[in-house]
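**Q** Take a look at this one; I'll ask things after.
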Amino acid sequence: MNTLKIAIQKSGRLNEDSLKLLKDCGISIDNGIDQLRVQARNFPIEIFFLRNSDIPQYVKDGVVDCAIIGENLLIENEMTLPIVQKLGFSKCRLSVAVSKSSEINSIQDFQNKKIATSYPNTVLNFFKSKNINIEIHEISGSVEIAPSIGLSDAIVDIVSSGNTLFKNNLKEFQTILKSAAILVSTPNLDSEKSTILKKLQFRIESVLKARNSKYILMNVPNDKIDLISTILPVLKSPTVMPLAEKGWSSVHSVINEDKFWDIIDELKQAGAEGILVVPIEKMIL
Ligand SMILES: Nc1ncnc2c1ncn2[C@@H]1O[C@H](COP(=O)(O)OP(=O)(O)OP(=O)(O)O)[C@@H](O)[C@H]1O
Ligand SMILES: O=P(O)(O)OC[C@H]1O[C@H](OP(=O)(O)OP(=O)(O)O)[C@H](O)[C@@H]1O
Ligand SMILES: [Mg+2]
């Protein structure tokens with residue numbers, strides 16, 4: 001049978017979450033240390049462990065069929081590969097930052113300034129769109145150190161918690177783009193590989209939906225069931241089962257992680273008691 005080749009980052013920010021996602025999809029991989037290519041034991045997929053920056057070109061050239069990368073990398077490489085799925089992890093932003101004591105206060109102040117970055121195309125396009133001429137100093141890592149050692153007037157780099165900026169006496173000036181991990185593919189997959197990719201996508205969707213949802217159980221006085229039901233954003237309608245104690249029921253439903261605490265507060269106010277919240281492993285709708 002045909003095998004789908006997927007590239008993931010060998011080491012770095014995306015490696016662990018990408019492997020976890022495949023594992024949560026029920027795909028077993030026995031990857032020994034330094035093994036760069038591994039066939040999954042129970043799914044027709046072969047995993048290639050590559051440098052993040054090399055991955056888009058491998059996908060474009062069809063050396064691999066699909067890959068997990070940060071969306072920012074696709075933008076930097078100006079590639080229009082099909083985005084199969086947004087994966088939700090590795091959320092970050094690409095931002096312009098300047099020294100806390102910098103005299104740069106407006107976008108015009110960047111005129112003819114030197115900017116250190118690992119993402120030269122994105123930076124050039126951003127300042128070009130503002131009609132501002134800048135000089136790029138390209139470095140592949142530890143970008144935040146550049147202003148303090150006199151290499152540049154400002155930087156553009158990935159920001160997540162903001163800790164690295166803070167520790168290097170920098171302040172965020174402006175966000176250029178937001179990014180998260182995505183699954184991309186080559187444009188022309190044969191039908192057998194497309195079928196495998198669809199199967200993988202189906203599994204990923206159920207894993208991601210489950211990660212974002214919680215199963216909730218609570219005890220409710222029977223005269224409050226209708227009110228409680230209006231608070232629960234249910235898949236169909238909540239499951240209601242009678243308790244041994246007369247006049248009470250157990251109500252079960254699924255709620256979205258984002259709205260979690262608001263809904264819990266509303267449920268308590270509406271008379272729900274003994275609320276239990278449990279994780280969901282997979283969610284197939
Ligand atoms: N601090 C962060 N928080 C969240 N996501 C991040 C962070 N830093 C980077 N990323 C995301 O992870 C991707 C990989 O970043 P990482 O720094 O691990 O690799 P790299 O140094 O760019 O590449 P290589 O694998 O070629 O060494 C980035 O393109 C970005 O999308
Ligand atoms: O806002 P924060 O949470 O501090 O994250 C931002 C830092 O994370 C990334 O570097 P990484 O740690 O991946 O190191 P690298 O330079 O080796 O890629 C990025 O290049 C920033 O330096
Ligand atoms: Mg990095």
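In the structure tokens, each chain is lettered A, B, ... as it comes, each chain's residues begin at 1, and ligands are numbered from 1 in order of appearance.
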Can you pull out every residue with an atom within 9 Å of ligand 3? Use only C-alpha atoms and all ligand atoms and format it as a JSON list (two decimals) with all heavy atoms, in the first residue's frame.
**A**
[["chain", "number", "residue", "atom", "x", "y", "z"],
["A", 12, "GLY", "N", 13.00, 21.28, 18.47],
["A", 12, "GLY", "CA", 12.59, 22.69, 18.52],
["A", 12, "GLY", "C", 11.16, 22.81, 18.96],
["A", 12, "GLY", "O", 10.57, 21.86, 19.47],
["A", 13, "ARG", "N", 10.61, 23.98, 18.77],
["A", 13, "ARG", "CA", 9.31, 24.35, 19.31],
["A", 13, "ARG", "C", 8.15, 23.46, 18.85],
["A", 13, "ARG", "O", 7.18, 23.28, 19.57],
["A", 13, "ARG", "CB", 8.98, 25.78, 18.90],
["A", 13, "ARG", "CG", 9.87, 26.79, 19.55],
["A", 13, "ARG", "CD", 9.40, 27.03, 20.95],
["A", 13, "ARG", "NE", 10.22, 28.01, 21.61],
["A", 13, "ARG", "CZ", 9.91, 28.54, 22.77],
["A", 13, "ARG", "NH1", 8.79, 28.20, 23.37],
["A", 13, "ARG", "NH2", 10.70, 29.40, 23.34],
["A", 140, "SER", "N", 20.27, 33.90, 12.36],
["A", 140, "SER", "CA", 19.39, 32.73, 12.43],
["A", 140, "SER", "C", 18.87, 32.44, 13.84],
["A", 140, "SER", "O", 17.95, 31.64, 14.00],
["A", 140, "SER", "CB", 20.10, 31.50, 11.86],
["A", 140, "SER", "OG", 21.31, 31.31, 12.54],
["A", 141, "GLY", "N", 19.42, 33.08, 14.86],
["A", 141, "GLY", "CA", 18.91, 32.85, 16.21],
["A", 141, "GLY", "C", 19.43, 33.91, 17.17],
["A", 141, "GLY", "O", 20.21, 34.78, 16.79],
["A", 142, "SER", "N", 18.95, 33.85, 18.42],
["A", 142, "SER", "CA", 19.32, 34.82, 19.46],
["A", 142, "SER", "C", 19.22, 36.26, 18.94],
["A", 142, "SER", "O", 20.08, 37.10, 19.21],
["A", 142, "SER", "CB", 20.75, 34.55, 19.97],
["A", 142, "SER", "OG", 20.84, 33.24, 20.44],
["A", 157, "ASP", "N", 11.14, 39.44, 15.66],
["A", 157, "ASP", "CA", 11.25, 38.02, 16.00],
["A", 157, "ASP", "C", 9.93, 37.50, 16.56],
["A", 157, "ASP", "O", 8.99, 38.26, 16.80],
["A", 157, "ASP", "CB", 12.40, 37.79, 17.00],
["A", 157, "ASP", "CG", 12.85, 36.32, 17.01],
["A", 157, "ASP", "OD1", 12.64, 35.62, 16.00],
["A", 157, "ASP", "OD2", 13.39, 35.87, 18.04],
["A", 158, "ILE", "N", 9.93, 36.19, 16.78],
["A", 158, "ILE", "CA", 8.76, 35.53, 17.36],
["A", 158, "ILE", "C", 8.62, 35.95, 18.83],
["A", 158, "ILE", "O", 9.60, 35.98, 19.56],
["A", 158, "ILE", "CB", 8.97, 34.00, 17.32],
["A", 158, "ILE", "CG1", 9.18, 33.50, 15.89],
["A", 158, "ILE", "CG2", 7.86, 33.27, 18.04],
["A", 158, "ILE", "CD1", 7.96, 33.26, 15.10]]
**Q** Give me the chain A side of the contact with ligand 2, cut-off 10 Å, one line per residue showing its nearest atom pair and distance in Å at one decimal, counting only C-alpha atoms and all ligand atoms, sorted by chain and residue number, as a Markdown table.
**A**
| residue | atom | partner | partner_atom_place_in_ligand_line | distance |
| --- | --- | --- | --- | --- |
| A:Ser11 | CA | ligand 2 | 13 (O) | 9.9 |
| A:Gly12 | CA | ligand 2 | 13 (O) | 6.3 |
| A:Arg13 | CA | ligand 2 | 13 (O) | 5.7 |
| A:Leu14 | CA | ligand 2 | 13 (O) | 9.2 |
| A:Cys92 | CA | ligand 2 | 1 (O) | 7.9 |
| A:Arg93 | CA | ligand 2 | 1 (O) | 8.8 |
| A:Leu94 | CA | ligand 2 | 19 (C) | 9.0 |
| A:Thr117 | CA | ligand 2 | 20 (O) | 9.3 |
| A:Ser118 | CA | ligand 2 | 20 (O) | 8.5 |
| A:Ile139 | CA | ligand 2 | 16 (O) | 9.8 |
| A:Ser140 | CA | ligand 2 | 16 (O) | 7.4 |
| A:Gly141 | CA | ligand 2 | 16 (O) | 4.1 |
| A:Ser142 | CA | ligand 2 | 16 (O) | 4.7 |
| A:Val143 | CA | ligand 2 | 22 (O) | 6.8 |
| A:Glu144 | CA | ligand 2 | 22 (O) | 6.5 |
| A:Ile145 | CA | ligand 2 | 22 (O) | 9.5 |
| A:Val156 | CA | ligand 2 | 20 (O) | 9.3 |
| A:Asp157 | CA | ligand 2 | 20 (O) | 5.7 |
| A:Ile158 | CA | ligand 2 | 19 (C) | 4.5 |
| A:Val159 | CA | ligand 2 | 1 (O) | 3.8 |
| A:Ser160 | CA | ligand 2 | 1 (O) | 3.6 |
| A:Ser161 | CA | ligand 2 | 3 (O) | 3.7 |
| A:Gly162 | CA | ligand 2 | 1 (O) | 3.5 |
| A:Asn163 | CA | ligand 2 | 4 (O) | 3.9 |
| A:Thr164 | CA | ligand 2 | 4 (O) | 3.7 |
| A:Leu165 | CA | ligand 2 | 4 (O) | 6.4 |
| A:Phe166 | CA | ligand 2 | 4 (O) | 8.0 |
| A:Lys167 | CA | ligand 2 | 4 (O) | 8.5 |
| A:Asn168 | CA | ligand 2 | 4 (O) | 10.0 |
**Q** Kindly save the residues from that selection, with C-alpha atoms included, as a short mmCIF file (atom, residue, chain, number, x, y, z; two decimals), in the first residue's frame.
**A**
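Saved result, result.cif, follows:
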data_model
loop_
_atom_site.label_atom_id
_atom_site.label_comp_id
_atom_site.auth_asym_id
_atom_site.auth_seq_id
_atom_site.Cartn_x
_atom_site.Cartn_y
_atom_site.Cartn_z
CA SER A 11 13.86 19.33 17.36
CA GLY A 12 12.59 22.69 18.52
CA ARG A 13 9.31 24.35 19.31
CA LEU A 14 7.07 22.22 17.07
CA CYS A 92 2.89 33.06 18.64
CA ARG A 93 3.27 36.40 16.88
CA LEU A 94 5.98 38.00 14.81
CA THR A 117 15.70 39.21 12.05
CA SER A 118 15.49 35.60 10.91
CA ILE A 139 20.67 36.23 11.80
CA SER A 140 19.39 32.73 12.43
CA GLY A 141 18.91 32.85 16.21
CA SER A 142 19.32 34.82 19.46
CA VAL A 143 17.95 37.81 17.56
CA GLU A 144 17.00 39.65 20.75
CA ILE A 145 20.64 40.26 21.60
CA VAL A 156 11.68 41.41 14.38
CA ASP A 157 11.25 38.02 16.00
CA ILE A 158 8.76 35.53 17.36
CA VAL A 159 7.08 36.53 20.62
CA SER A 160 5.01 34.23 22.78
CA SER A 161 5.12 34.98 26.52
CA GLY A 162 7.25 38.09 25.97
CA ASN A 163 9.89 36.80 28.43
CA THR A 164 12.78 36.90 25.96
CA LEU A 165 11.99 40.52 25.04
CA PHE A 166 11.73 41.47 28.70
CA LYS A 167 14.99 39.78 29.68
CA ASN A 168 16.79 41.58 26.86
#
**Q** At a cut-off of 12 Å, using only C-alpha atoms, what residues contact A:Thr195? Leave out same-chain residues fewer than 4 positions from it and give the result as a PDB file with N, CA and C atoms, in the first residue's frame.
**A**
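Result went into part.pdb, see below:
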ATOM      1  N   MET A   1       0.845  -1.209   0.000  1.00  0.00           N
ATOM      2  CA  MET A   1       0.000   0.000   0.000  1.00  0.00           C
ATOM      3  C   MET A   1       0.878   1.256   0.000  1.00  0.00           C
ATOM      4  N   ASN A   2       0.387   2.303  -0.632  1.00  0.00           N
ATOM      5  CA  ASN A   2       1.081   3.584  -0.668  1.00  0.00           C
ATOM      6  C   ASN A   2       1.239   4.147   0.749  1.00  0.00           C
ATOM      7  N   THR A   3       2.283   4.953   0.954  1.00  0.00           N
ATOM      8  CA  THR A   3       2.518   5.545   2.272  1.00  0.00           C
ATOM      9  C   THR A   3       2.552   7.062   2.140  1.00  0.00           C
ATOM     10  N   LEU A   4       1.918   7.749   3.086  1.00  0.00           N
ATOM     11  CA  LEU A   4       1.942   9.214   3.090  1.00  0.00           C
ATOM     12  C   LEU A   4       3.190   9.674   3.833  1.00  0.00           C
ATOM     13  N   PRO A  44      -0.598   3.969   7.519  1.00  0.00           N
ATOM     14  CA  PRO A  44       0.289   4.062   6.351  1.00  0.00           C
ATOM     15  C   PRO A  44       0.937   5.448   6.226  1.00  0.00           C
ATOM     16  N   ILE A  45       1.803   5.757   7.158  1.00  0.00           N
ATOM     17  CA  ILE A  45       2.429   7.070   7.155  1.00  0.00           C
ATOM     18  C   ILE A  45       3.899   6.928   7.538  1.00  0.00           C
ATOM     19  N   LEU A 189      -1.521  15.625  -4.771  1.00  0.00           N
ATOM     20  CA  LEU A 189      -1.385  14.280  -4.189  1.00  0.00           C
ATOM     21  C   LEU A 189      -2.157  13.283  -5.043  1.00  0.00           C
ATOM     22  N   ASP A 190      -1.601  12.055  -5.219  1.00  0.00           N
ATOM     23  CA  ASP A 190      -2.378  11.056  -5.966  1.00  0.00           C
ATOM     24  C   ASP A 190      -3.558  10.607  -5.101  1.00  0.00           C
ATOM     25  N   SER A 191      -4.490   9.876  -5.704  1.00  0.00           N
ATOM     26  CA  SER A 191      -5.762   9.629  -5.006  1.00  0.00           C
ATOM     27  C   SER A 191      -5.555   8.744  -3.770  1.00  0.00           C
ATOM     28  N   LYS A 199      -7.987  10.551   5.949  1.00  0.00           N
ATOM     29  CA  LYS A 199      -8.141   9.749   7.176  1.00  0.00           C
ATOM     30  C   LYS A 199      -7.402  10.412   8.335  1.00  0.00           C
ATOM     31  N   LEU A 200      -6.191  10.903   8.051  1.00  0.00           N
ATOM     32  CA  LEU A 200      -5.394  11.571   9.087  1.00  0.00           C
ATOM     33  C   LEU A 200      -6.112  12.830   9.550  1.00  0.00           C
ATOM     34  N   GLN A 201      -6.635  13.582   8.578  1.00  0.00           N
ATOM     35  CA  GLN A 201      -7.325  14.832   8.893  1.00  0.00           C
ATOM     36  C   GLN A 201      -8.556  14.577   9.772  1.00  0.00           C
ATOM     37  N   PHE A 202      -9.280  13.500   9.453  1.00  0.00           N
ATOM     38  CA  PHE A 202     -10.464  13.132  10.240  1.00  0.00           C
ATOM     39  C   PHE A 202     -10.066  12.864  11.697  1.00  0.00           C
TER      40      PHE A 202
END
**Q** Smallest atom-to-atom distance to A:Leu217: which of A:Glu78, A:Ser194, A:Ile264, A:Leu183, using only C-alpha atoms?
**A** A:Ile264
**Q** Tell me which of A:Val278, A:Ile255, A:Ile8, A:Ala210 sits closest to A:Lys236, counting only C-alpha atoms.
**A**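 Distance minimum relative to A:Lys236 lands on A:Ile255.
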**Q** Got a sec: who's within 7 Å of A:Arg41, counting only C-alpha atoms, leaving out chain neighbours fewer than 2 positions off, as JSON, numbers by chain?
**A** {"A": [28, 29, 39, 43]}
**Q** With all heavy atoms retained, export the selected residues as a PDB file, in the first residue's frame.
**A**
ATOM      1  N   SER A  28       1.324   4.984  16.112  1.00  0.00           N
ATOM      2  CA  SER A  28       2.469   4.566  16.948  1.00  0.00           C
ATOM      3  C   SER A  28       3.764   4.672  16.174  1.00  0.00           C
ATOM      4  O   SER A  28       3.889   4.152  15.070  1.00  0.00           O
ATOM      5  CB  SER A  28       2.345   3.111  17.377  1.00  0.00           C
ATOM      6  OG  SER A  28       1.140   2.895  17.969  1.00  0.00           O
ATOM      7  N   ILE A  29       4.708   5.371  16.786  1.00  0.00           N
ATOM      8  CA  ILE A  29       6.017   5.562  16.146  1.00  0.00           C
ATOM      9  C   ILE A  29       7.099   5.111  17.123  1.00  0.00           C
ATOM     10  O   ILE A  29       7.125   5.556  18.271  1.00  0.00           O
ATOM     11  CB  ILE A  29       6.259   7.054  15.833  1.00  0.00           C
ATOM     12  CG1 ILE A  29       5.031   7.672  15.165  1.00  0.00           C
ATOM     13  CG2 ILE A  29       7.502   7.257  14.979  1.00  0.00           C
ATOM     14  CD1 ILE A  29       4.929   9.163  15.390  1.00  0.00           C
ATOM     15  N   GLN A  39       8.751   4.686   9.858  1.00  0.00           N
ATOM     16  CA  GLN A  39       7.460   4.203   9.376  1.00  0.00           C
ATOM     17  C   GLN A  39       6.559   3.936  10.595  1.00  0.00           C
ATOM     18  O   GLN A  39       7.000   3.273  11.541  1.00  0.00           O
ATOM     19  CB  GLN A  39       7.707   2.904   8.587  1.00  0.00           C
ATOM     20  CG  GLN A  39       6.464   2.212   8.093  1.00  0.00           C
ATOM     21  CD  GLN A  39       5.825   2.960   6.927  1.00  0.00           C
ATOM     22  OE1 GLN A  39       6.508   3.306   5.963  1.00  0.00           O
ATOM     23  NE2 GLN A  39       4.529   3.221   7.030  1.00  0.00           N
ATOM     24  N   PHE A  43      -0.317   2.712  10.844  1.00  0.00           N
ATOM     25  CA  PHE A  43      -1.004   3.655   9.941  1.00  0.00           C
ATOM     26  C   PHE A  43      -0.061   3.866   8.755  1.00  0.00           C
ATOM     27  O   PHE A  43       1.157   3.937   8.952  1.00  0.00           O
ATOM     28  CB  PHE A  43      -1.257   4.983  10.683  1.00  0.00           C
ATOM     29  CG  PHE A  43      -2.230   5.904   9.993  1.00  0.00           C
ATOM     30  CD1 PHE A  43      -3.601   5.693  10.077  1.00  0.00           C
ATOM     31  CD2 PHE A  43      -1.770   6.994   9.248  1.00  0.00           C
ATOM     32  CE1 PHE A  43      -4.493   6.551   9.442  1.00  0.00           C
ATOM     33  CE2 PHE A  43      -2.663   7.855   8.618  1.00  0.00           C
ATOM     34  CZ  PHE A  43      -4.034   7.626   8.716  1.00  0.00           C
TER      35      PHE A  43
END
**Q** Compile the contact shell of A:Asp226 as a ChimeraX atom specification: residues with an atom at most 12 Å away, counting only C-alpha atoms, same-chain residues fewer than 4 positions apart removed.
**A** /A:220-222,230-232,237-238,240,249,251,267,270-272
**Q** Applying 12 Å and only C-alpha atoms, which residues near A:Arg51 remain after dropping the ones on its own chain fewer than 5 positions away? List them as a list in words.
**A**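 Returned residues: Ala7, Ile8, Gln9, Lys10, Ser11, Gly12, Arg13, Leu14, Asn15, Leu36, Pro56, Gln57, Tyr58, Ala67, Ile68, Ile69 and Leu73 of chain A.
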**Q** Using only C-alpha atoms, find the one residue out of A:Lys100, A:Lys91, A:Lys214, A:Lys224 that sits nearest to A:Leu177.
**A**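 Going through A:Lys100, A:Lys91, A:Lys214, A:Lys224 one by one, the smallest distance to A:Leu177 is for A:Lys91.
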**Q** In Å, with one decimal, what is the gap from atom CA of A:Glu273 to atom CA of A:Lys209?
**A**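 Spanning atom CA of A:Glu273 to atom CA of A:Lys209 is a straight-line distance of 26.5 Å.
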**Q** Pick from A:Phe89, A:Tyr215, A:Tyr119, A:Phe48: nearest to A:Asn72, with only C-alpha atoms counted?
**A** A:Tyr119
